[in-house]
Structures are given as C-alpha cells and as structure tokens.
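Below is structure-v8.cif, holding mmCIF, C-alpha atoms.
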```cif
data_entry
#
loop_
_atom_site.label_atom_id
_atom_site.label_comp_id
_atom_site.auth_asym_id
_atom_site.auth_seq_id
_atom_site.Cartn_x
_atom_site.Cartn_y
_atom_site.Cartn_z
CA MET A 222 138.66 189.02 225.22
CA LEU A 223 141.84 189.20 227.24
CA GLY A 224 143.97 192.34 227.36
CA ALA A 225 145.98 194.45 229.79
CA GLU A 226 144.93 198.10 229.67
CA PRO A 227 141.18 198.73 230.26
CA LEU A 228 141.25 201.85 228.08
CA SER A 229 142.58 199.85 225.14
CA PHE A 230 139.37 197.78 225.08
CA LEU A 231 137.32 200.95 224.81
CA PHE A 232 139.58 202.77 222.34
CA PHE A 233 140.88 199.98 220.09
CA ARG A 234 138.58 196.91 220.56
CA HIS A 235 135.33 198.79 221.07
CA GLU A 236 133.89 197.96 217.65
CA LEU A 237 134.90 194.29 217.85
CA LEU A 238 133.31 193.95 221.31
CA LYS A 239 130.15 195.64 220.00
CA ALA A 240 130.06 193.26 217.01
CA TRP A 241 130.27 190.25 219.29
CA LYS A 242 127.59 191.65 221.58
CA SER A 243 125.20 192.58 218.79
CA ALA A 244 125.59 189.10 217.33
CA GLY A 245 124.21 187.63 220.55
CA LEU A 246 127.49 186.39 221.98
CA ILE A 247 127.89 186.62 225.75
CA THR A 248 131.01 188.75 225.91
CA LEU A 249 133.57 189.06 228.70
CA ALA A 250 136.56 191.38 228.84
CA ALA A 251 139.43 190.85 231.27
CA GLY A 252 142.20 193.32 232.02
CA ALA A 253 143.92 195.28 234.75
CA PRO A 254 141.76 196.58 237.63
CA SER A 255 139.87 199.78 236.79
CA SER A 256 136.86 200.75 238.87
CA ASP A 257 136.62 204.08 237.03
CA LEU A 258 135.88 202.43 233.67
CA ARG A 259 133.67 199.56 234.79
CA SER A 260 130.50 201.57 234.03
CA ASN A 261 131.65 202.01 230.42
CA PHE A 262 131.66 198.24 229.95
CA GLU A 263 128.30 197.91 231.69
CA ARG A 264 126.76 200.38 229.25
CA LEU A 265 127.98 198.14 226.42
CA GLY A 266 126.44 195.12 228.13
CA ILE A 267 129.86 193.56 228.64
CA LYS A 268 131.03 191.95 231.86
CA TYR A 269 134.46 193.22 232.90
CA LEU A 270 136.72 191.01 235.00
CA ASP A 271 139.97 192.31 236.39
CA TYR A 272 143.19 190.50 237.12
CA PRO A 273 146.66 191.69 238.20
CA VAL A 274 148.93 192.33 235.23
CA GLN A 275 152.13 194.36 234.90
CA ARG A 276 152.30 195.61 231.33
CA ASN A 277 156.05 196.27 231.33
CA GLY A 278 159.09 194.37 232.55
CA MET A 279 159.74 190.91 233.93
CA ASN A 280 158.86 190.23 237.55
CA VAL A 281 158.57 186.54 238.44
CA PRO A 282 156.28 186.87 241.50
CA LYS A 283 153.96 189.33 239.73
CA ASP A 284 153.89 187.31 236.50
CA LEU A 285 153.13 184.13 238.46
CA LYS A 286 150.24 185.98 240.11
CA THR A 287 148.99 186.96 236.65
CA PHE A 288 149.16 183.34 235.48
CA ILE A 289 147.26 182.03 238.53
CA SER A 290 144.60 184.74 238.26
CA LEU A 291 143.98 183.92 234.60
CA TRP A 292 143.80 180.21 235.42
CA LYS A 293 141.08 181.01 237.98
CA ILE A 294 139.15 183.17 235.48
CA PHE A 295 139.16 180.38 232.90
CA ARG A 296 138.18 177.83 235.55
CA ASP A 297 135.25 179.92 236.81
CA GLN A 298 133.98 181.43 233.54
CA ARG A 299 134.64 178.53 231.15
CA PRO A 300 134.53 180.64 227.96
CA ASP A 301 134.16 178.94 224.58
CA VAL A 302 136.70 181.20 222.87
CA VAL A 303 139.50 183.43 224.17
CA LEU A 304 141.13 186.19 222.10
CA ALA A 305 144.21 187.60 223.85
CA TYR A 306 146.28 190.61 222.75
CA THR A 307 149.47 192.34 223.94
CA ILE A 308 152.45 190.41 225.27
CA LYS A 309 151.55 189.49 228.87
CA PRO A 310 147.93 188.41 228.18
CA VAL A 311 149.01 186.38 225.14
CA ILE A 312 151.83 184.60 226.99
CA TRP A 313 150.24 183.98 230.40
CA GLY A 314 146.75 183.51 228.98
CA GLY A 315 148.01 180.96 226.46
CA LEU A 316 149.98 179.07 229.11
CA ALA A 317 147.03 179.04 231.53
CA LEU A 318 144.79 177.65 228.77
CA TRP A 319 146.93 174.50 228.59
CA PHE A 320 144.81 173.38 231.56
CA PHE A 321 141.55 173.91 229.63
CA PRO A 322 141.79 172.03 226.31
CA GLY A 323 138.14 172.63 225.46
CA ILE A 324 138.59 176.41 225.16
CA ARG A 325 139.58 177.73 221.73
CA PHE A 326 142.48 180.19 221.94
CA TYR A 327 143.52 182.91 219.49
CA ALA A 328 146.51 185.21 219.97
CA LEU A 329 146.52 188.71 218.43
CA ILE A 330 150.00 190.22 218.02
CA THR A 331 149.72 194.01 218.12
CA GLY A 332 153.50 194.56 218.12
CA LEU A 333 156.63 192.80 219.33
CA GLY A 334 157.89 195.39 221.80
CA TYR A 335 161.35 196.39 222.94
CA ALA A 336 162.77 192.87 223.32
CA PHE A 337 162.71 192.32 219.56
CA GLN A 338 164.11 195.67 218.44
CA SER A 339 167.38 195.63 216.53
CA GLY A 340 170.19 197.04 218.61
CA SER A 341 168.71 195.84 221.89
CA ARG A 342 171.46 194.59 224.18
CA GLN A 343 169.07 192.40 226.14
CA GLY A 344 169.51 189.24 224.10
CA TRP A 345 168.52 187.09 227.07
CA LEU A 346 165.14 188.87 227.14
CA THR A 347 164.54 188.21 223.43
CA SER A 348 165.35 184.54 223.93
CA LEU A 349 163.09 184.25 226.96
CA VAL A 350 160.13 186.01 225.35
CA SER A 351 160.60 183.88 222.20
CA LEU A 352 160.45 180.71 224.30
CA LEU A 353 157.34 181.86 226.15
CA TYR A 354 155.67 182.81 222.87
CA ARG A 355 156.51 179.39 221.44
CA LEU A 356 154.88 177.61 224.38
CA SER A 357 151.80 179.85 224.30
CA PHE A 358 151.38 179.57 220.52
CA LEU A 359 151.42 175.78 220.68
CA ARG A 360 148.08 176.12 222.44
CA ALA A 361 146.65 178.63 219.94
CA GLU A 362 144.45 177.72 216.98
CA LYS A 363 145.64 180.82 215.12
CA VAL A 364 148.14 183.59 215.76
CA ILE A 365 146.85 186.79 214.18
CA PHE A 366 149.34 189.49 213.16
CA GLN A 367 148.77 193.15 212.31
CA ASN A 368 151.73 193.44 209.95
CA ALA A 369 153.77 191.11 207.77
CA GLU A 370 157.16 191.90 209.33
CA ASN A 371 156.12 190.79 212.82
CA LEU A 372 154.76 187.57 211.31
CA GLU A 373 158.00 186.84 209.48
CA GLU A 374 160.08 187.66 212.58
CA LEU A 375 158.30 185.16 214.82
CA VAL A 376 158.19 182.49 212.13
CA ALA A 377 161.94 182.91 211.55
CA ARG A 378 162.60 182.57 215.29
CA GLY A 379 160.62 179.34 215.41
CA CYS A 380 157.96 180.80 217.70
CA VAL A 381 155.08 179.77 215.45
CA SER A 382 154.55 177.75 212.28
CA ARG A 383 153.57 179.69 209.17
CA GLY A 384 150.44 177.59 208.72
CA LYS A 385 149.11 178.78 212.07
CA CYS A 386 149.52 182.48 211.15
CA ALA A 387 146.87 184.90 209.90
CA ARG A 388 147.02 188.61 209.07
CA VAL A 389 144.67 191.58 209.50
CA TYR A 390 145.11 195.33 208.95
CA GLY A 391 145.36 196.53 212.53
CA SER A 392 142.27 197.10 214.65
CA GLY A 393 140.54 198.99 211.84
CA ILE A 394 138.99 202.44 212.09
CA ASN A 395 135.35 203.53 212.30
CA LEU A 396 134.99 205.69 209.21
CA SER A 397 131.67 207.11 210.40
CA HIS A 398 133.12 208.24 213.72
CA PHE A 399 136.29 209.64 212.14
CA CYS A 400 135.08 211.86 209.31
CA VAL A 401 137.09 213.99 206.90
CA ALA A 402 137.77 217.44 208.37
CA PRO A 403 138.66 220.52 206.29
CA LEU A 404 142.21 221.78 206.62
CA PRO A 405 142.58 224.60 209.19
CA ALA A 406 144.07 228.01 208.55
CA ASN A 407 147.77 228.69 209.11
CA PRO A 408 150.06 228.64 211.02
CA MET A 409 150.84 225.07 210.08
CA VAL A 410 150.41 222.49 212.86
CA PHE A 411 152.24 219.16 213.09
CA LEU A 412 150.61 216.76 215.55
CA GLY A 413 151.91 213.56 217.16
CA ILE A 414 149.88 211.13 219.27
CA GLY A 415 151.31 208.39 221.47
CA ARG A 416 152.49 207.51 224.94
CA LEU A 417 155.45 209.52 226.23
CA LEU A 418 158.08 206.96 225.30
CA GLY A 419 161.47 207.31 223.72
CA ASP A 420 160.67 204.64 221.16
CA LYS A 421 157.58 206.55 220.02
CA GLY A 422 160.06 209.04 218.58
CA VAL A 423 158.99 211.91 220.83
CA ARG A 424 162.54 213.20 221.24
CA GLU A 425 163.15 213.10 217.48
CA PHE A 426 159.89 215.03 217.04
CA VAL A 427 161.04 217.69 219.52
CA ASN A 428 164.56 217.91 218.07
CA ALA A 429 163.11 218.26 214.57
CA ALA A 430 160.87 221.04 215.89
CA ARG A 431 163.95 222.89 217.20
CA TRP A 432 165.57 222.55 213.78
CA VAL A 433 162.47 223.79 211.97
CA HIS A 434 161.83 226.68 214.37
CA ALA A 435 165.18 228.19 213.46
CA GLU A 436 163.74 228.90 210.00
CA HIS A 437 159.98 228.81 210.63
CA PRO A 438 159.30 230.02 214.20
CA ASP A 439 155.53 230.29 213.69
CA VAL A 440 155.02 226.57 212.92
CA ARG A 441 153.43 224.69 215.82
CA PHE A 442 154.35 221.23 217.13
CA GLN A 443 151.85 219.42 219.35
CA TRP A 444 151.82 216.06 221.14
CA ILE A 445 149.00 214.12 222.80
CA GLY A 446 149.58 211.13 225.08
CA GLY A 447 149.99 210.02 228.65
CA SER A 448 153.04 209.04 230.66
CA ASP A 449 154.39 205.50 230.75
CA PRO A 450 156.05 203.73 233.70
CA SER A 451 158.43 201.69 231.55
CA PRO A 452 162.21 202.35 231.62
CA ASP A 453 161.83 204.04 228.24
CA GLY A 454 159.27 206.51 229.61
CA ILE A 455 159.89 210.25 229.26
CA SER A 456 159.79 212.22 232.51
CA TRP A 457 157.46 215.13 233.21
CA ASP A 458 160.52 217.30 233.87
CA GLU A 459 161.70 216.72 230.30
CA VAL A 460 158.25 217.52 228.90
CA ARG A 461 158.02 220.70 230.98
CA TYR A 462 161.45 221.75 229.74
CA TRP A 463 160.27 221.40 226.13
CA GLN A 464 157.17 223.43 226.91
CA ASP A 465 159.13 226.17 228.68
CA GLU A 466 161.51 226.24 225.73
CA GLY A 467 158.53 226.90 223.47
CA VAL A 468 159.37 224.03 221.12
CA LEU A 469 156.45 221.73 222.01
CA GLU A 470 152.80 222.18 222.95
CA TYR A 471 152.02 219.19 225.14
CA LEU A 472 148.24 218.68 225.14
CA GLY A 473 148.02 215.91 227.74
CA MET A 474 145.59 213.04 227.32
CA THR A 475 142.15 213.09 225.75
CA SER A 476 139.29 210.65 225.22
CA ASP A 477 138.55 212.20 221.83
CA VAL A 478 141.39 213.06 219.44
CA ARG A 479 139.11 214.20 216.61
CA PRO A 480 139.20 217.96 217.38
CA TYR A 481 143.00 217.87 217.55
CA LEU A 482 143.34 215.95 214.28
CA ALA A 483 140.94 218.41 212.65
CA ALA A 484 143.09 221.29 213.89
CA CYS A 485 146.36 219.92 212.46
CA HIS A 486 147.79 219.92 208.93
CA VAL A 487 150.12 216.90 209.09
CA PHE A 488 150.12 213.90 211.42
CA VAL A 489 153.58 212.77 212.57
CA LEU A 490 154.53 209.46 214.23
CA PRO A 491 158.32 208.92 214.37
CA SER A 492 157.94 205.55 216.14
CA TYR A 493 160.66 202.89 216.30
CA HIS A 494 158.19 199.98 216.08
CA GLU A 495 154.45 199.36 215.93
CA GLY A 496 151.97 196.59 215.31
CA MET A 497 149.60 198.90 213.45
CA PRO A 498 149.39 202.42 214.94
CA HIS A 499 145.75 203.25 215.63
CA SER A 500 146.52 206.96 215.89
CA THR A 501 147.75 206.94 212.30
CA LEU A 502 144.57 205.19 211.14
CA GLU A 503 142.58 207.96 212.83
CA ALA A 504 144.65 210.54 210.95
CA LEU A 505 144.07 208.72 207.64
CA ALA A 506 140.32 208.69 208.19
CA THR A 507 140.35 212.40 209.11
CA GLY A 508 142.05 213.15 205.79
CA ARG A 509 145.51 214.18 206.89
CA ALA A 510 148.89 213.72 205.27
CA VAL A 511 151.09 211.37 207.31
CA LEU A 512 154.79 211.57 208.13
CA THR A 513 156.05 208.42 209.84
CA THR A 514 158.96 206.01 209.99
CA ASP A 515 159.88 203.20 207.65
CA VAL A 516 159.34 200.45 210.23
CA PRO A 517 156.89 197.53 210.55
CA GLY A 518 153.31 198.67 211.02
CA CYS A 519 153.99 202.31 210.21
CA ARG A 520 155.07 201.70 206.63
CA GLU A 521 151.73 200.08 205.79
CA THR A 522 149.90 203.33 206.51
CA VAL A 523 151.77 205.37 203.89
CA GLU A 524 152.07 205.10 200.13
CA GLN A 525 155.28 207.06 199.64
CA GLY A 526 154.65 210.46 198.07
CA LEU A 527 150.93 209.77 197.66
CA ASN A 528 149.45 210.31 201.13
CA GLY A 529 152.65 211.15 202.98
CA PHE A 530 156.24 210.10 203.52
CA LEU A 531 158.33 207.52 205.33
CA VAL A 532 161.66 208.47 206.93
CA PRO A 533 164.27 206.29 208.66
CA LYS A 534 163.66 205.75 212.36
CA ALA A 535 165.70 207.78 214.87
CA ASP A 536 166.76 210.16 212.07
CA THR A 537 166.01 213.69 213.26
CA ALA A 538 167.54 215.30 210.17
CA ALA A 539 165.38 213.33 207.74
CA LEU A 540 162.28 214.06 209.84
CA ALA A 541 163.02 217.79 209.94
CA GLU A 542 163.73 217.92 206.21
CA ARG A 543 160.34 216.37 205.41
CA ILE A 544 158.57 218.74 207.80
CA ILE A 545 160.22 221.69 206.04
CA TRP A 546 159.18 220.17 202.70
CA PHE A 547 155.53 220.19 203.84
CA ILE A 548 155.87 223.79 205.01
CA LYS A 549 157.19 224.81 201.59
CA HIS A 550 154.56 222.78 199.67
CA PRO A 551 151.22 223.42 201.42
CA GLU A 552 149.41 222.88 198.12
CA VAL A 553 149.88 219.09 198.46
CA LEU A 554 148.06 218.79 201.79
CA LEU A 555 144.53 218.53 200.42
CA GLU A 556 145.41 215.94 197.78
CA MET A 557 147.47 213.88 200.22
CA GLY A 558 144.67 214.04 202.76
CA GLN A 559 142.22 212.73 200.19
CA ALA A 560 144.61 209.87 199.40
CA SER A 561 144.82 209.08 203.13
CA ARG A 562 141.05 208.83 203.38
CA ARG A 563 140.90 206.52 200.34
CA LEU A 564 143.53 204.28 201.93
CA ALA A 565 141.50 204.15 205.15
CA GLU A 566 138.38 203.18 203.22
CA GLU A 567 140.09 200.54 201.09
CA ARG A 568 142.30 198.87 203.70
CA PHE A 569 141.41 199.84 207.26
CA ASP A 570 137.60 199.99 207.49
CA VAL A 571 136.82 198.50 210.92
CA HIS A 572 133.88 196.50 209.58
CA LYS A 573 136.11 194.78 207.04
CA VAL A 574 138.77 194.10 209.68
CA ASN A 575 136.21 192.72 212.15
CA ALA A 576 134.68 190.47 209.51
CA GLU A 577 138.12 189.05 208.76
CA MET A 578 138.88 188.60 212.47
CA LEU A 579 135.69 186.64 213.00
CA ARG A 580 136.29 184.56 209.87
CA ILE A 581 139.72 183.61 211.20
CA MET A 582 138.17 182.74 214.57
CA ARG A 583 135.42 180.70 212.89
CA LEU A 584 132.73 183.04 214.19
CA GLU A 585 131.74 184.61 210.89
CA CYS A 586 128.32 183.00 211.00
CA VAL A 587 127.33 185.35 213.83
CA TYR A 588 128.64 188.57 212.23
CA HIS A 589 126.19 190.88 210.45
#
```
Kindly transcribe the structure held in the file into structure tokens.
Amino acid sequence: MLGAEPLSFLFFRHELLKAWKSAGLITLAAGAPSSDLRSNFERLGIKYLDYPVQRNGMNVPKDLKTFISLWKIFRDQRPDVVLAYTIKPVIWGGLALWFFPGIRFYALITGLGYAFQSGSRQGWLTSLVSLLYRLSFLRAEKVIFQNAENLEELVARGCVSRGKCARVYGSGINLSHFCVAPLPANPMVFLGIGRLLGDKGVREFVNAARWVHAEHPDVRFQWIGGSDPSPDGISWDEVRYWQDEGVLEYLGMTSDVRPYLAACHVFVLPSYHEGMPHSTLEALATGRAVLTTDVPGCRETVEQGLNGFLVPKADTAALAERIIWFIKHPEVLLEMGQASRRLAEERFDVHKVNAEMLRIMRLECVYH
C-alpha cells in the first residue's frame, strides 16, 4: 500500500491493512519518513518503508526524488499488487510502475484537491495534474473512487475511461470501535474535526459561531485537528485569536476522537471538497446529527432532514441558520442520531467496504 502520511495508514487504512495481513498476505506500507510510528506498524506485523514525498505543492526536484525513490522500492521489493492513494503517491507511483509491467496497480482517489476546485485561478495546475493523472491511470487496472462526482469529473476531463472506474463508500468505519454514545447534557456543543485549512470551512465555522453567540452565548463550538503547511493553512496566531475571543475551543490533535464525539450534540464539517470525510463517518457511527456542505463526498453522508442537513459551501449565513435551528429543536437530535447510525450500518460498514475493495482488486478469495 502506497500513501503519503504515515498516520493516515493507521487511522484510515488500518482495517484494510489488518484484513490483508490476517488473510496471509505479506503486506508492505510505504509513506513519508516517520520513526515515531514505525513501532505501530511492527505491532501489526506490517513492514513500513519510507520515501521522500511532499504532500502539497509542485516542486520538480522534490517530485523527481519521490519518483526515483518509488522506482527503487518497486525494484527491490517486487510486490505483486500496489494500491496507491492520495495525489502524489497515485501519480508518481503509477508513473514509476511503467517500468514494472508485472506488478498490478490500483489507484484510490480519496479526493481531487485544490487544483480541481471551481473558482481556482490556477488553470495551468489543473491541466498539469490532469495530464499526470492520465499517464498514471493508463498503467492502472482500476481507478477506485470514493464518490460519484470525482469519478465523473476525471472521466469528463479524459483522465480515465469509464470502464476502468470503480466506486466504494469511502474507507468505511469500524462500527464496533465507534459505538453509539448517549447525548450529553446541555449546553449544546457543535464539534468540527479536520486539518486547520481554509477549505475545511474552519473560518465559516468560526464566523457562524460569532453569529450564533450573539443570541446564544452559552453554546459551545469546538474544533479538533492539526496544522497544515499548505498555502491554505490557518496560522496559529489566527487560532489563538479565536480562542482569546471566546468564540472557539480549539482542542488540538488527538489519536482518539470518540470521547469528543460523545461529548458533542451535532457534528459540523463545512468543507469545500472531500473524497469521503472519515470524520463524518465516525460521527455517523457515534449517532450524531450531521451538518455539512452540499459538495462531493460530504453530501453522501447526509439524507437531508433525516440525519442532518446540507448547506452551500462557503455560506456562513446558511451554516449559522442551521445551527440556530438545531438549538431551537433539540428534540430532533436523538432521532437524527439514530438515522445516522443506520446510515453508517447500511452504507459505510468497513467490512463491507473492504470486501468490495478486495473484489475490485481481484483479491476477494483471500478475504474472510
């Protein structure tokens, strides 16, 4: 399995790696260097290989180094199958695999990123990434998408043929690990989880909190997530200002979000784009109403009015109005939370998702 962030293997691909391992497959994971987490992979019985990869931005010397490092990994390890996810591993891994025709390659698209967002002025970047995707996907046996809109976008751009595409419901969620939690006592808590990025909708969340506090000062707004080095990253100074203002409780990072989900009433993700937001799946499994944006990936986690609501992206007023609606209608929270859990069980059960992944990769015979 080829990725970029070591933590993402442990948080989002953990169950798939375990399924491969328990089925007797010799499993390798390759990502950015991380000596701190190597022991976690060893406990799973998985060999972790690191390679240099810059998750954000275009840098020709660094990207060439990534390509050469992946070529060397494939040359030395000679895997039978490679599953790559996120942009850089998919592109440079797919291109490096042109030199190894005997290795089966599958690309997992977990989101398209900033280059494909409407309104982006960097048209040259969209064209370049589209070309690189096209070359990488020519080498792939299947390109696996987490939502229908991303699939249609790349097909329309000529990056991949429709016949080579497959679809799964995100990374799935472990319904035994994420159990239903009873609703806490008031005051009402609205919780967001995600990296500190503008396009995660953090600023809209904070601005909506200001709006709501004018009428409901006791309502609490919390956010969990680490910093991000990308140009869209939110500075610590801005976060500290929000905290000093009393509008946001920033909770930092955590390896276990379950206590925080259990302590909230409504989960909020005002993101501009997603593949399939894992944090929202965790909220569904915990039995929480969801307030998110009507964008690819996010919209598949909400049945409007049943387990939550969708609002337009970058629309602070609409977000604040829905938050106030929840405050004025607390009686719906239990029923909506139950609907969220049902949706998680029906659509996002990790065992169902993993079985479909392995069927697509022609490995279903080893899955139990």
Legend entry - Exercise: A:Arg276 partners within 10 Å, all atoms listed in the file, chain neighbours under 6 positions left out, as a ChimeraX atom specification: /A:224-226,253,284,307-310,450-451
Inset, instruction - Using all atoms listed in the file, find the one residue out of A:Ser229, A:Thr513, A:Asn407, A:Thr331 that sits nearest to A:Val389. - result: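 Checking each candidate against A:Val389, we get A:Thr331 as the closest.
Of the residues listed (A:Thr248, A:Gln464, A:Thr537, A:Asn368), A:Asn368 shows the shortest atom-to-atom separation from A:Val516; distances use all atoms listed in the file.
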Closest contacts (stretch 504-586 of chain A/stretch 432-445 of chain A, max 10 Å, all atoms listed in the file) as a tab-separated table:
```
residue	atom	partner	partner_atom	distance
A:Thr537	CA	A:Trp432	CA	8.9
A:Ala538	CA	A:Trp432	CA	8.3
A:Leu540	CA	A:Trp432	CA	9.9
A:Ala541	CA	A:Val433	CA	6.4
A:Glu542	CA	A:Val433	CA	8.3
A:Ile544	CA	A:Val433	CA	7.6
A:Ile545	CA	A:Val433	CA	6.7
A:Ile548	CA	A:Val440	CA	8.4
```
Inset, instruction - Check what the PyMOL selection byres ((chain A and resi 470-474) around 12) selects in the file above and give those residues as a ChimeraX atom specification. - result: /A:410-417,423,426-427,430,440-448,457,459-469,475-478,480-481
Inset, instruction - Provide the atom CA of A:Trp319 to atom CA of A:Arg360 distance in Å, to one decimal place. - result: 6.5 Å
Inset, instruction - Compile the contact shell of A:Ala504 as JSON, numbers by chain: residues with an atom at most 9 Å away, counting all atoms listed in the file, same-chain residues fewer than 2 positions apart removed. - result: {"A": [399, 479, 482, 483, 487, 488, 499, 500, 501, 502, 506, 507, 508, 509, 510, 511, 558, 561, 562]}
Inset, instruction - Given the file shown, determine the residues that the PyMOL selection byres ((chain A and resi 492) around 7) selects; report them as a list of chain:residue names. - result: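 Given this file, the PyMOL selection byres ((chain A and resi 492) around 7) evaluates to A:Asp420, A:Lys421, A:Gly422, A:Leu490, A:Pro491, A:Tyr493, A:His494, A:Thr514, A:Lys534.
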Store the residues of this selection in a file with C-alpha atoms, as a PDB file, in the frame of the given file.
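File written: again04.pdb
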```
ATOM      1  CA  ASP A 420     160.670 204.640 221.160  1.00  0.00           C
ATOM      2  CA  LYS A 421     157.580 206.550 220.020  1.00  0.00           C
ATOM      3  CA  GLY A 422     160.060 209.040 218.580  1.00  0.00           C
ATOM      4  CA  LEU A 490     154.530 209.460 214.230  1.00  0.00           C
ATOM      5  CA  PRO A 491     158.320 208.920 214.370  1.00  0.00           C
ATOM      6  CA  TYR A 493     160.660 202.890 216.300  1.00  0.00           C
ATOM      7  CA  HIS A 494     158.190 199.980 216.080  1.00  0.00           C
ATOM      8  CA  THR A 514     158.960 206.010 209.990  1.00  0.00           C
ATOM      9  CA  LYS A 534     163.660 205.750 212.360  1.00  0.00           C
TER      10      LYS A 534
END
```
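When only C-alpha atoms are used to measure the gap to A:Gln275, the shortest distance among A:Gly252, A:Arg568, A:Asp297, A:Ala305 belongs to A:Gly252.
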Inset, instruction - Report the residues retrieved by the PyMOL selection byres ((chain A and resi 324) around 7) from the displayed file, expressed as a list of chain:residue names. - result: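 After applying the PyMOL selection byres ((chain A and resi 324) around 7), what remains is A:Pro300, A:Asp301, A:Val302, A:Phe321, A:Pro322, A:Gly323, A:Arg325, A:Phe326.
With all atoms listed in the file as the atoms that count, the residue of A:Ile294, A:Cys400, A:Leu265, A:Ile365 with the shortest distance to A:Val574 is A:Ile365.
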Legend entry - Distance query A:Lys293 at most 12 Å, only C-alpha atoms, self and fewer than 4 positions along chain excluded, as number ranges by chain: A: 270-272, 286-289, 297-300, 314, 317-318, 320-321
